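See structure below.
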Amino acid sequence: MSKRILFATLASIVAGATAAAAQTVYPIDRAEILAGAKFDLKVEFPGSPAASTLKVTVDGRDAADVFGLQPTIVEKEDGHDLTAWWMRGVSLPTAGRPKIEASAGGKAATVTWDVWDTPKGRVAKNVILFIGDGLSVAHRTAARIMSKGLVEGRYGGELAIDDMPAMALISTAGTDSIVTDSANAMSAYTTGHKSCVNALGVYCAHNKNTLEHPKVETIGELVKRKTSMALGVVTNTEIEDATPAGVIAHTRKRSDYADIVKMFLEVKPDVIMGGGSPFFLPKSTPGSKRTDEFDAVKAFEEAGYTFVTTRTEMEKAAAEGKTKLLGLYNTGNVDGALDLKYLKKGTVAKFPDQPDVVEETRAAISALSKNPDGFFLMVESGRIDKYSHSLDPERAIFDTIMLDDAVKAAKEFAAGRNDTLIIVVGDHAHPVSIIGTYDDDRPGQTPREKLGVYAEAKVPNYGPVDAAGYPTNIDVSRRIALNFGTSPDTCFDAKPHLDGENVPAIAGATPKTFVENPKNCERPGAVHVTGNLPFDANSGVHSGDDVVLTAMGPGSELFRGHKPNTFVFRVMATALGLAN
């Protein structure tokens, strides 16, 4: 066969394969669906076949009969060469493995779902889900060294996040990538469905409108729709950011902050705390980031919420027995523990009375626990991730200690009750490792000369540690070498950034490129580090590593071995008996 004939043959095969592209069904194959939970069933038929030729069945029965609903059919949806077949807000009442077949014009696609049930009744009255955003094994280890001390290979105590009877490895990959972001990672925890990067509570279809992708019900919505429980969302990031938004939101684009605020209002968690106030303010208000005149603060107050903007106001509201709280403590992210407590950098001068995650957790539990039917609370220590992106190890470690103190507060609440499931897990990992100790007493000037490894990796001399577990001095001669496996071009001196969060890179002369921050290059002993990321990256990135989950309380015994991140939703829904 000549090369020309062979090429023509291959081209015809490829063209035929393209023309015969199968339908796409959402939820996707092997989706895990809680019995009774709502979801959107969508089929995208390529080639825009006529509506009269479409057929969708569930175990051989017409979908309209199964769900008691006529489909909506949209030809050339959003200008795409496809016909969209929709049933929104459907559910399946019983467990099983239904087979869904979508056919048109002689072509068919089949998916099988795992519809699962929960036992009657609840084993847990309360569930508290702690997310250490980006929390990796090295963060845990570094926090233990810094907070508890290490003598002759033994720690001076255990972290609250580690001192739990149940443990599992959790894998975090999404539908489109082996490395997740916080959006689809959190979405897996709160819906039990895998999704793609940047997506919250939806499957990623071809819709142009980011709010119109096929939705799946979140645990926040389930709690509000099916129980009388209270619901809380607490973070030190902007409240609209991916992890807190994942409790209630549905969007293909996690940056739809203005829309996410309205989604919070639709679901109405009883306690909402974090930063990000500009998206709650009407456009005409100075500093607002909305494009409309919607006043979300006013809307929440009209719905019975007490609005607070400082730690003092928050604690006063909690002491007065308020059960519906909206706390917005910063225009951006709430400052992390190192800046809040010791360095007074970041935005502390502008917002001097911000609560930390521990104080938020205590106030949230105080409000939510007044509900006789129990509560679901999500607490995020979100700046572990953000400080890891900015290659700022001390700040990331301090915020890990802050997470640990928040978990300790939750454990104190749960002590003796035997009705509260507490889960601690990272939503994804960062490529961080402890490789030794940076020791200023070693000869030389550069980080490589100051790094002690193996027998030269002496115990750090931080201290003294205060009652909350934070070392009161981090500018010491021996420091943990918590190194990051990814970076842009940067300059590095192995010293803590006492004047504010590290900015590893700045925009370069060429569009969409970044170069080392010259301020870092001026620091004594600094060396240039050639980045290993694409040139348009200005900070570190996530890794595809598994994360460690620890848990305690009723239902926690289900966590063992290795599990996908969707399993976290399964355990929480089972503990709360949320099926049907």
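Chain lettering (A, B, ...) mirrors the order of the structure tokens, residue numbering begins at 1 for each chain separately, and ligand numbering begins at 1 in order of display.
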Using only C-alpha atoms, which residues sit within 10 Å of Lys495 of chain A once same-chain residues fewer than 6 positions away are excluded, as a PDB file with all heavy atoms, in the first residue's frame?
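Writing the result to around-v1.pdb gives the following:
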```pdb
ATOM      1  N   ASP A 392       5.832  30.392  50.973  1.00  0.00           N
ATOM      2  CA  ASP A 392       6.055  31.044  52.264  1.00  0.00           C
ATOM      3  C   ASP A 392       5.845  30.004  53.370  1.00  0.00           C
ATOM      4  O   ASP A 392       4.762  29.892  53.945  1.00  0.00           O
ATOM      5  CB  ASP A 392       5.079  32.213  52.425  1.00  0.00           C
ATOM      6  CG  ASP A 392       5.489  33.186  53.512  1.00  0.00           C
ATOM      7  OD1 ASP A 392       6.006  32.722  54.561  1.00  0.00           O
ATOM      8  OD2 ASP A 392       5.299  34.396  53.335  1.00  0.00           O
ATOM      9  N   PRO A 393       6.884  29.219  53.697  1.00  0.00           N
ATOM     10  CA  PRO A 393       6.687  28.067  54.588  1.00  0.00           C
ATOM     11  C   PRO A 393       6.250  28.430  55.996  1.00  0.00           C
ATOM     12  O   PRO A 393       5.406  27.748  56.575  1.00  0.00           O
ATOM     13  CB  PRO A 393       8.053  27.370  54.585  1.00  0.00           C
ATOM     14  CG  PRO A 393       9.021  28.406  54.117  1.00  0.00           C
ATOM     15  CD  PRO A 393       8.261  29.304  53.191  1.00  0.00           C
ATOM     16  N   GLU A 394       6.816  29.474  56.577  1.00  0.00           N
ATOM     17  CA  GLU A 394       6.461  29.794  57.968  1.00  0.00           C
ATOM     18  C   GLU A 394       4.977  30.134  58.086  1.00  0.00           C
ATOM     19  O   GLU A 394       4.304  29.687  59.023  1.00  0.00           O
ATOM     20  CB  GLU A 394       7.316  30.956  58.484  1.00  0.00           C
ATOM     21  CG  GLU A 394       8.753  30.579  58.818  1.00  0.00           C
ATOM     22  CD  GLU A 394       9.642  30.455  57.580  1.00  0.00           C
ATOM     23  OE1 GLU A 394       9.240  30.959  56.511  1.00  0.00           O
ATOM     24  OE2 GLU A 394      10.732  29.863  57.695  1.00  0.00           O
ATOM     25  N   TYR A 438      17.739  24.524  57.838  1.00  0.00           N
ATOM     26  CA  TYR A 438      18.612  25.637  57.483  1.00  0.00           C
ATOM     27  C   TYR A 438      19.245  26.158  58.759  1.00  0.00           C
ATOM     28  O   TYR A 438      18.557  26.573  59.694  1.00  0.00           O
ATOM     29  CB  TYR A 438      17.832  26.742  56.769  1.00  0.00           C
ATOM     30  CG  TYR A 438      17.378  26.339  55.388  1.00  0.00           C
ATOM     31  CD1 TYR A 438      16.028  26.200  55.091  1.00  0.00           C
ATOM     32  CD2 TYR A 438      18.311  26.080  54.383  1.00  0.00           C
ATOM     33  CE1 TYR A 438      15.618  25.812  53.819  1.00  0.00           C
ATOM     34  CE2 TYR A 438      17.908  25.685  53.114  1.00  0.00           C
ATOM     35  CZ  TYR A 438      16.566  25.554  52.839  1.00  0.00           C
ATOM     36  OH  TYR A 438      16.165  25.167  51.595  1.00  0.00           O
ATOM     37  N   ASP A 440      22.024  28.748  60.326  1.00  0.00           N
ATOM     38  CA  ASP A 440      22.866  29.915  60.077  1.00  0.00           C
ATOM     39  C   ASP A 440      24.267  29.756  60.639  1.00  0.00           C
ATOM     40  O   ASP A 440      25.181  30.520  60.266  1.00  0.00           O
ATOM     41  CB  ASP A 440      22.217  31.161  60.684  1.00  0.00           C
ATOM     42  CG  ASP A 440      20.963  31.574  59.950  1.00  0.00           C
ATOM     43  OD1 ASP A 440      20.766  31.111  58.809  1.00  0.00           O
ATOM     44  OD2 ASP A 440      20.160  32.349  60.521  1.00  0.00           O
ATOM     45  N   PRO A 447      21.716  29.385  50.616  1.00  0.00           N
ATOM     46  CA  PRO A 447      20.867  28.350  51.206  1.00  0.00           C
ATOM     47  C   PRO A 447      21.454  26.946  51.104  1.00  0.00           C
ATOM     48  O   PRO A 447      21.302  26.158  52.049  1.00  0.00           O
ATOM     49  CB  PRO A 447      19.574  28.469  50.388  1.00  0.00           C
ATOM     50  CG  PRO A 447      19.523  29.890  49.964  1.00  0.00           C
ATOM     51  CD  PRO A 447      20.949  30.267  49.698  1.00  0.00           C
ATOM     52  N   ILE A 474      10.266  33.120  65.213  1.00  0.00           N
ATOM     53  CA  ILE A 474      10.623  32.266  64.068  1.00  0.00           C
ATOM     54  C   ILE A 474      11.912  32.713  63.401  1.00  0.00           C
ATOM     55  O   ILE A 474      12.464  31.991  62.563  1.00  0.00           O
ATOM     56  CB  ILE A 474       9.495  32.248  63.021  1.00  0.00           C
ATOM     57  CG1 ILE A 474       9.224  33.654  62.486  1.00  0.00           C
ATOM     58  CG2 ILE A 474       8.229  31.618  63.591  1.00  0.00           C
ATOM     59  CD1 ILE A 474       8.353  33.673  61.247  1.00  0.00           C
ATOM     60  N   ASP A 475      12.406  33.895  63.768  1.00  0.00           N
ATOM     61  CA  ASP A 475      13.640  34.415  63.171  1.00  0.00           C
ATOM     62  C   ASP A 475      14.829  33.900  63.966  1.00  0.00           C
ATOM     63  O   ASP A 475      15.541  34.642  64.651  1.00  0.00           O
ATOM     64  CB  ASP A 475      13.603  35.944  63.157  1.00  0.00           C
ATOM     65  CG  ASP A 475      14.730  36.531  62.332  1.00  0.00           C
ATOM     66  OD1 ASP A 475      15.299  35.797  61.492  1.00  0.00           O
ATOM     67  OD2 ASP A 475      15.041  37.729  62.528  1.00  0.00           O
ATOM     68  N   VAL A 476      15.010  32.581  63.892  1.00  0.00           N
ATOM     69  CA  VAL A 476      16.024  31.901  64.696  1.00  0.00           C
ATOM     70  C   VAL A 476      17.110  31.344  63.782  1.00  0.00           C
ATOM     71  O   VAL A 476      17.005  31.372  62.557  1.00  0.00           O
ATOM     72  CB  VAL A 476      15.379  30.775  65.533  1.00  0.00           C
ATOM     73  CG1 VAL A 476      14.437  31.365  66.575  1.00  0.00           C
ATOM     74  CG2 VAL A 476      14.629  29.785  64.639  1.00  0.00           C
ATOM     75  N   SER A 477      18.139  30.762  64.393  1.00  0.00           N
ATOM     76  CA  SER A 477      19.299  30.333  63.597  1.00  0.00           C
ATOM     77  C   SER A 477      19.102  28.985  62.921  1.00  0.00           C
ATOM     78  O   SER A 477      19.766  28.688  61.924  1.00  0.00           O
ATOM     79  CB  SER A 477      20.545  30.279  64.496  1.00  0.00           C
ATOM     80  OG  SER A 477      20.356  29.334  65.551  1.00  0.00           O
ATOM     81  N   ARG A 478      18.205  28.125  63.454  1.00  0.00           N
ATOM     82  CA  ARG A 478      17.933  26.826  62.812  1.00  0.00           C
ATOM     83  C   ARG A 478      16.442  26.720  62.533  1.00  0.00           C
ATOM     84  O   ARG A 478      15.624  26.807  63.455  1.00  0.00           O
ATOM     85  CB  ARG A 478      18.387  25.646  63.686  1.00  0.00           C
ATOM     86  CG  ARG A 478      19.873  25.407  63.684  1.00  0.00           C
ATOM     87  CD  ARG A 478      20.227  24.013  64.209  1.00  0.00           C
ATOM     88  NE  ARG A 478      19.588  23.693  65.463  1.00  0.00           N
ATOM     89  CZ  ARG A 478      20.021  24.073  66.660  1.00  0.00           C
ATOM     90  NH1 ARG A 478      21.120  24.807  66.762  1.00  0.00           N
ATOM     91  NH2 ARG A 478      19.368  23.721  67.758  1.00  0.00           N
ATOM     92  N   ARG A 479      16.106  26.509  61.276  1.00  0.00           N
ATOM     93  CA  ARG A 479      14.708  26.545  60.837  1.00  0.00           C
ATOM     94  C   ARG A 479      14.393  25.312  59.995  1.00  0.00           C
ATOM     95  O   ARG A 479      15.269  24.770  59.298  1.00  0.00           O
ATOM     96  CB  ARG A 479      14.456  27.810  59.997  1.00  0.00           C
ATOM     97  CG  ARG A 479      14.788  29.097  60.748  1.00  0.00           C
ATOM     98  CD  ARG A 479      14.768  30.300  59.831  1.00  0.00           C
ATOM     99  NE  ARG A 479      15.720  30.198  58.726  1.00  0.00           N
ATOM    100  CZ  ARG A 479      17.016  30.434  58.815  1.00  0.00           C
ATOM    101  NH1 ARG A 479      17.553  30.804  59.986  1.00  0.00           N
ATOM    102  NH2 ARG A 479      17.794  30.310  57.768  1.00  0.00           N
ATOM    103  N   ALA A 481      13.501  23.200  57.023  1.00  0.00           N
ATOM    104  CA  ALA A 481      13.637  23.358  55.577  1.00  0.00           C
ATOM    105  C   ALA A 481      12.441  22.687  54.910  1.00  0.00           C
ATOM    106  O   ALA A 481      12.499  21.535  54.472  1.00  0.00           O
ATOM    107  CB  ALA A 481      14.945  22.749  55.090  1.00  0.00           C
ATOM    108  N   ARG A 523      17.911  40.295  49.099  1.00  0.00           N
ATOM    109  CA  ARG A 523      18.068  39.802  50.470  1.00  0.00           C
ATOM    110  C   ARG A 523      19.433  39.129  50.616  1.00  0.00           C
ATOM    111  O   ARG A 523      19.885  38.415  49.707  1.00  0.00           O
ATOM    112  CB  ARG A 523      16.942  38.830  50.816  1.00  0.00           C
ATOM    113  CG  ARG A 523      15.582  39.531  50.948  1.00  0.00           C
ATOM    114  CD  ARG A 523      14.422  38.566  50.835  1.00  0.00           C
ATOM    115  NE  ARG A 523      14.375  37.576  51.866  1.00  0.00           N
ATOM    116  CZ  ARG A 523      13.550  37.584  52.925  1.00  0.00           C
ATOM    117  NH1 ARG A 523      12.710  38.600  53.094  1.00  0.00           N
ATOM    118  NH2 ARG A 523      13.560  36.620  53.814  1.00  0.00           N
ATOM    119  N   PRO A 524      20.119  39.315  51.752  1.00  0.00           N
ATOM    120  CA  PRO A 524      21.462  38.729  51.928  1.00  0.00           C
ATOM    121  C   PRO A 524      21.445  37.212  51.749  1.00  0.00           C
ATOM    122  O   PRO A 524      20.591  36.521  52.315  1.00  0.00           O
ATOM    123  CB  PRO A 524      21.821  39.109  53.365  1.00  0.00           C
ATOM    124  CG  PRO A 524      21.008  40.339  53.648  1.00  0.00           C
ATOM    125  CD  PRO A 524      19.723  40.147  52.895  1.00  0.00           C
ATOM    126  N   GLY A 525      22.386  36.723  50.962  1.00  0.00           N
ATOM    127  CA  GLY A 525      22.497  35.293  50.744  1.00  0.00           C
ATOM    128  C   GLY A 525      21.560  34.731  49.696  1.00  0.00           C
ATOM    129  O   GLY A 525      21.569  33.522  49.426  1.00  0.00           O
ATOM    130  N   ALA A 526      20.717  35.583  49.086  1.00  0.00           N
ATOM    131  CA  ALA A 526      19.727  35.085  48.128  1.00  0.00           C
ATOM    132  C   ALA A 526      20.403  34.567  46.863  1.00  0.00           C
ATOM    133  O   ALA A 526      21.412  35.111  46.406  1.00  0.00           O
ATOM    134  CB  ALA A 526      18.735  36.186  47.776  1.00  0.00           C
TER     135      ALA A 526
END
```
Exercise. Do a neighbour search on Ala467 of chain A at 12 Å with only C-alpha atoms, toss out local chain neighbours closer than 5 positions, and write the hits as a list in words.
Key: Ser147, Lys148, Ile401, Asp405 and Thr472 of chain A
With N, CA and C atoms retained, could you export that selection as a PDB file, in the first residue's frame?
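Dumped to selection-v5.pdb:
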```pdb
ATOM      1  N   SER A 147       5.303  23.077  66.801  1.00  0.00           N
ATOM      2  CA  SER A 147       4.371  23.288  67.909  1.00  0.00           C
ATOM      3  C   SER A 147       4.663  22.413  69.116  1.00  0.00           C
ATOM      4  N   LYS A 148       5.082  21.172  68.871  1.00  0.00           N
ATOM      5  CA  LYS A 148       5.229  20.204  69.966  1.00  0.00           C
ATOM      6  C   LYS A 148       6.685  19.935  70.339  1.00  0.00           C
ATOM      7  N   ILE A 401      -0.966  25.045  62.255  1.00  0.00           N
ATOM      8  CA  ILE A 401      -1.148  25.032  63.710  1.00  0.00           C
ATOM      9  C   ILE A 401      -2.505  25.643  64.067  1.00  0.00           C
ATOM     10  N   ASP A 405      -5.549  23.963  66.214  1.00  0.00           N
ATOM     11  CA  ASP A 405      -6.218  24.540  67.372  1.00  0.00           C
ATOM     12  C   ASP A 405      -7.733  24.592  67.174  1.00  0.00           C
ATOM     13  N   THR A 472       6.940  31.815  69.523  1.00  0.00           N
ATOM     14  CA  THR A 472       6.892  33.273  69.573  1.00  0.00           C
ATOM     15  C   THR A 472       8.060  33.911  68.842  1.00  0.00           C
TER      16      THR A 472
END
```
Counting only C-alpha atoms, what are the residues of segment 173-280 of chain A within 12 Å of segment 37-40 of chain A, and for each of them which pair of atoms is the nearest and at what distance in Å, to one decimal? Sort the table by chain and rising number, as JSON lines.
```
{"residue": "A:Thr191", "atom": "CA", "partner": "A:Ala37", "partner_atom": "CA", "distance": 9.3}
{"residue": "A:Gly192", "atom": "CA", "partner": "A:Ala37", "partner_atom": "CA", "distance": 10.5}
{"residue": "A:His193", "atom": "CA", "partner": "A:Phe39", "partner_atom": "CA", "distance": 10.4}
{"residue": "A:Gly201", "atom": "CA", "partner": "A:Phe39", "partner_atom": "CA", "distance": 9.7}
{"residue": "A:Val202", "atom": "CA", "partner": "A:Asp40", "partner_atom": "CA", "distance": 8.8}
{"residue": "A:Tyr203", "atom": "CA", "partner": "A:Asp40", "partner_atom": "CA", "distance": 9.1}
{"residue": "A:Cys204", "atom": "CA", "partner": "A:Asp40", "partner_atom": "CA", "distance": 11.9}
{"residue": "A:Ala205", "atom": "CA", "partner": "A:Asp40", "partner_atom": "CA", "distance": 11.5}
{"residue": "A:Glu212", "atom": "CA", "partner": "A:Asp40", "partner_atom": "CA", "distance": 10.2}
{"residue": "A:His213", "atom": "CA", "partner": "A:Asp40", "partner_atom": "CA", "distance": 8.7}
{"residue": "A:Pro214", "atom": "CA", "partner": "A:Asp40", "partner_atom": "CA", "distance": 5.1}
{"residue": "A:Lys215", "atom": "CA", "partner": "A:Asp40", "partner_atom": "CA", "distance": 5.3}
{"residue": "A:Val216", "atom": "CA", "partner": "A:Phe39", "partner_atom": "CA", "distance": 4.3}
{"residue": "A:Glu217", "atom": "CA", "partner": "A:Lys38", "partner_atom": "CA", "distance": 5.4}
{"residue": "A:Thr218", "atom": "CA", "partner": "A:Ala37", "partner_atom": "CA", "distance": 8.7}
{"residue": "A:Ile219", "atom": "CA", "partner": "A:Ala37", "partner_atom": "CA", "distance": 9.3}
{"residue": "A:Gly220", "atom": "CA", "partner": "A:Ala37", "partner_atom": "CA", "distance": 11.7}
{"residue": "A:Glu221", "atom": "CA", "partner": "A:Ala37", "partner_atom": "CA", "distance": 9.6}
{"residue": "A:Leu222", "atom": "CA", "partner": "A:Ala37", "partner_atom": "CA", "distance": 7.3}
{"residue": "A:Val223", "atom": "CA", "partner": "A:Ala37", "partner_atom": "CA", "distance": 10.8}
{"residue": "A:Arg225", "atom": "CA", "partner": "A:Ala37", "partner_atom": "CA", "distance": 10.0}
{"residue": "A:Lys226", "atom": "CA", "partner": "A:Ala37", "partner_atom": "CA", "distance": 9.6}
{"residue": "A:His250", "atom": "CA", "partner": "A:Phe39", "partner_atom": "CA", "distance": 11.3}
```
Take the residues that were just selected and, keeping N, CA, C and O atoms, output them as a compact mmCIF listing (two decimals), in the first residue's frame.
```
# COMPACT_ATOMS: atom_id res chain seq x y z
N THR A 191 -20.61 16.84 47.19
CA THR A 191 -21.66 16.29 46.33
C THR A 191 -21.52 14.79 46.10
O THR A 191 -22.50 14.14 45.72
N GLY A 192 -20.32 14.26 46.27
CA GLY A 192 -20.09 12.85 45.95
C GLY A 192 -19.87 12.60 44.48
O GLY A 192 -19.79 11.45 44.05
N HIS A 193 -19.75 13.67 43.69
CA HIS A 193 -19.53 13.55 42.24
C HIS A 193 -18.17 14.13 41.88
O HIS A 193 -17.79 15.19 42.37
N GLY A 201 -20.15 21.93 42.03
CA GLY A 201 -21.51 21.41 42.06
C GLY A 201 -22.13 21.19 40.70
O GLY A 201 -23.36 21.17 40.59
N VAL A 202 -21.31 21.03 39.67
CA VAL A 202 -21.83 20.78 38.32
C VAL A 202 -20.94 19.77 37.61
O VAL A 202 -19.77 19.59 37.96
N TYR A 203 -21.51 19.13 36.58
CA TYR A 203 -20.71 18.44 35.58
C TYR A 203 -20.37 19.44 34.48
O TYR A 203 -21.14 20.36 34.20
N CYS A 204 -19.22 19.26 33.86
CA CYS A 204 -18.74 20.23 32.89
C CYS A 204 -19.21 19.84 31.49
O CYS A 204 -18.64 18.94 30.86
N ALA A 205 -20.25 20.51 31.05
CA ALA A 205 -20.83 20.25 29.73
C ALA A 205 -20.36 21.35 28.77
O ALA A 205 -19.38 22.04 29.02
N GLU A 212 -25.25 27.32 33.89
CA GLU A 212 -26.25 26.43 33.28
C GLU A 212 -25.76 25.00 33.06
O GLU A 212 -26.40 24.22 32.37
N HIS A 213 -24.62 24.64 33.62
CA HIS A 213 -24.12 23.28 33.47
C HIS A 213 -24.93 22.33 34.36
O HIS A 213 -25.56 22.76 35.33
N PRO A 214 -24.92 21.02 34.07
CA PRO A 214 -25.75 20.07 34.82
C PRO A 214 -25.38 20.06 36.31
O PRO A 214 -24.24 19.78 36.67
N LYS A 215 -26.36 20.32 37.15
CA LYS A 215 -26.12 20.48 38.58
C LYS A 215 -26.30 19.16 39.34
O LYS A 215 -27.06 18.29 38.93
N VAL A 216 -25.59 19.07 40.47
CA VAL A 216 -25.78 17.97 41.43
C VAL A 216 -25.94 18.60 42.81
O VAL A 216 -25.27 19.59 43.14
N GLU A 217 -26.81 18.06 43.61
CA GLU A 217 -27.15 18.66 44.90
C GLU A 217 -25.97 18.58 45.87
O GLU A 217 -25.29 17.55 45.96
N THR A 218 -25.73 19.65 46.60
CA THR A 218 -24.65 19.68 47.58
C THR A 218 -25.15 19.25 48.96
O THR A 218 -26.36 19.26 49.23
N ILE A 219 -24.22 18.93 49.83
CA ILE A 219 -24.60 18.52 51.17
C ILE A 219 -25.26 19.67 51.93
O ILE A 219 -26.16 19.46 52.75
N GLY A 220 -24.84 20.91 51.65
CA GLY A 220 -25.51 22.05 52.27
C GLY A 220 -26.98 22.13 51.87
O GLY A 220 -27.85 22.36 52.71
N GLU A 221 -27.24 21.92 50.59
CA GLU A 221 -28.63 21.93 50.12
C GLU A 221 -29.42 20.76 50.67
O GLU A 221 -30.59 20.90 51.05
N LEU A 222 -28.80 19.59 50.74
CA LEU A 222 -29.47 18.41 51.29
C LEU A 222 -29.85 18.62 52.74
O LEU A 222 -30.97 18.29 53.17
N VAL A 223 -28.92 19.16 53.52
CA VAL A 223 -29.19 19.42 54.94
C VAL A 223 -30.36 20.38 55.10
O VAL A 223 -31.25 20.18 55.94
N ARG A 225 -32.74 21.03 52.80
CA ARG A 225 -33.98 20.54 52.19
C ARG A 225 -34.59 19.37 52.96
O ARG A 225 -35.81 19.26 53.05
N LYS A 226 -33.75 18.51 53.52
CA LYS A 226 -34.26 17.24 54.03
C LYS A 226 -34.25 17.13 55.54
O LYS A 226 -34.77 16.16 56.09
N HIS A 250 -23.23 26.18 42.54
CA HIS A 250 -23.29 25.48 41.26
C HIS A 250 -22.80 26.43 40.17
O HIS A 250 -23.53 27.33 39.74
```
From the list A:Gly463, A:Ser177, A:Thr566, A:Asp241, the nearest residue to Arg30 of chain A using only C-alpha atoms is A:Thr566
Can you pull out the residues contacting Lys370 of chain A? Cut-off 10 Å, using only C-alpha atoms, and skip same-chain residues under 2 positions away; I want them as a ChimeraX atom specification. /A:230,321-323,365-368,372-375
Counting only C-alpha atoms, what is within 7 Å of Lys289 of chain A, bar same-chain residues fewer than 3 positions away, as a ChimeraX atom specification? /A:278-279,283
Would you export the selected residues with N, CA and C atoms as a short mmCIF file (atom, residue, chain, number, x, y, z; two decimals), in the first residue's frame, please?
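Done, and the output landed in again.cif:
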```
data_model
loop_
_atom_site.label_atom_id
_atom_site.label_comp_id
_atom_site.auth_asym_id
_atom_site.auth_seq_id
_atom_site.Cartn_x
_atom_site.Cartn_y
_atom_site.Cartn_z
N PRO A 278 -16.59 42.86 49.52
CA PRO A 278 -16.99 43.68 48.37
C PRO A 278 -18.08 43.07 47.48
N PHE A 279 -18.21 41.76 47.46
CA PHE A 279 -19.22 41.13 46.63
C PHE A 279 -20.59 41.08 47.32
N LYS A 283 -23.19 47.97 43.81
CA LYS A 283 -22.19 48.60 42.94
C LYS A 283 -21.88 50.03 43.34
#
```
*Can you list, as a VMD selection string, every protein, DNA or RNA residue that comes within 12 Å of Ile435 of chain A when you count only C-alpha atoms, leaving out same-chain residues fewer than 5 positions away?*
chain A and resid 138 141 to 142 448 451 to 458 479 to 485
Report the residues of segment 228-447 of chain A whose backbone DSSP state falls under strand (DSSP E), written as a ChimeraX atom specification.
/A:230-238,271-275,306-308,325-328,375-381,420-426,432-439
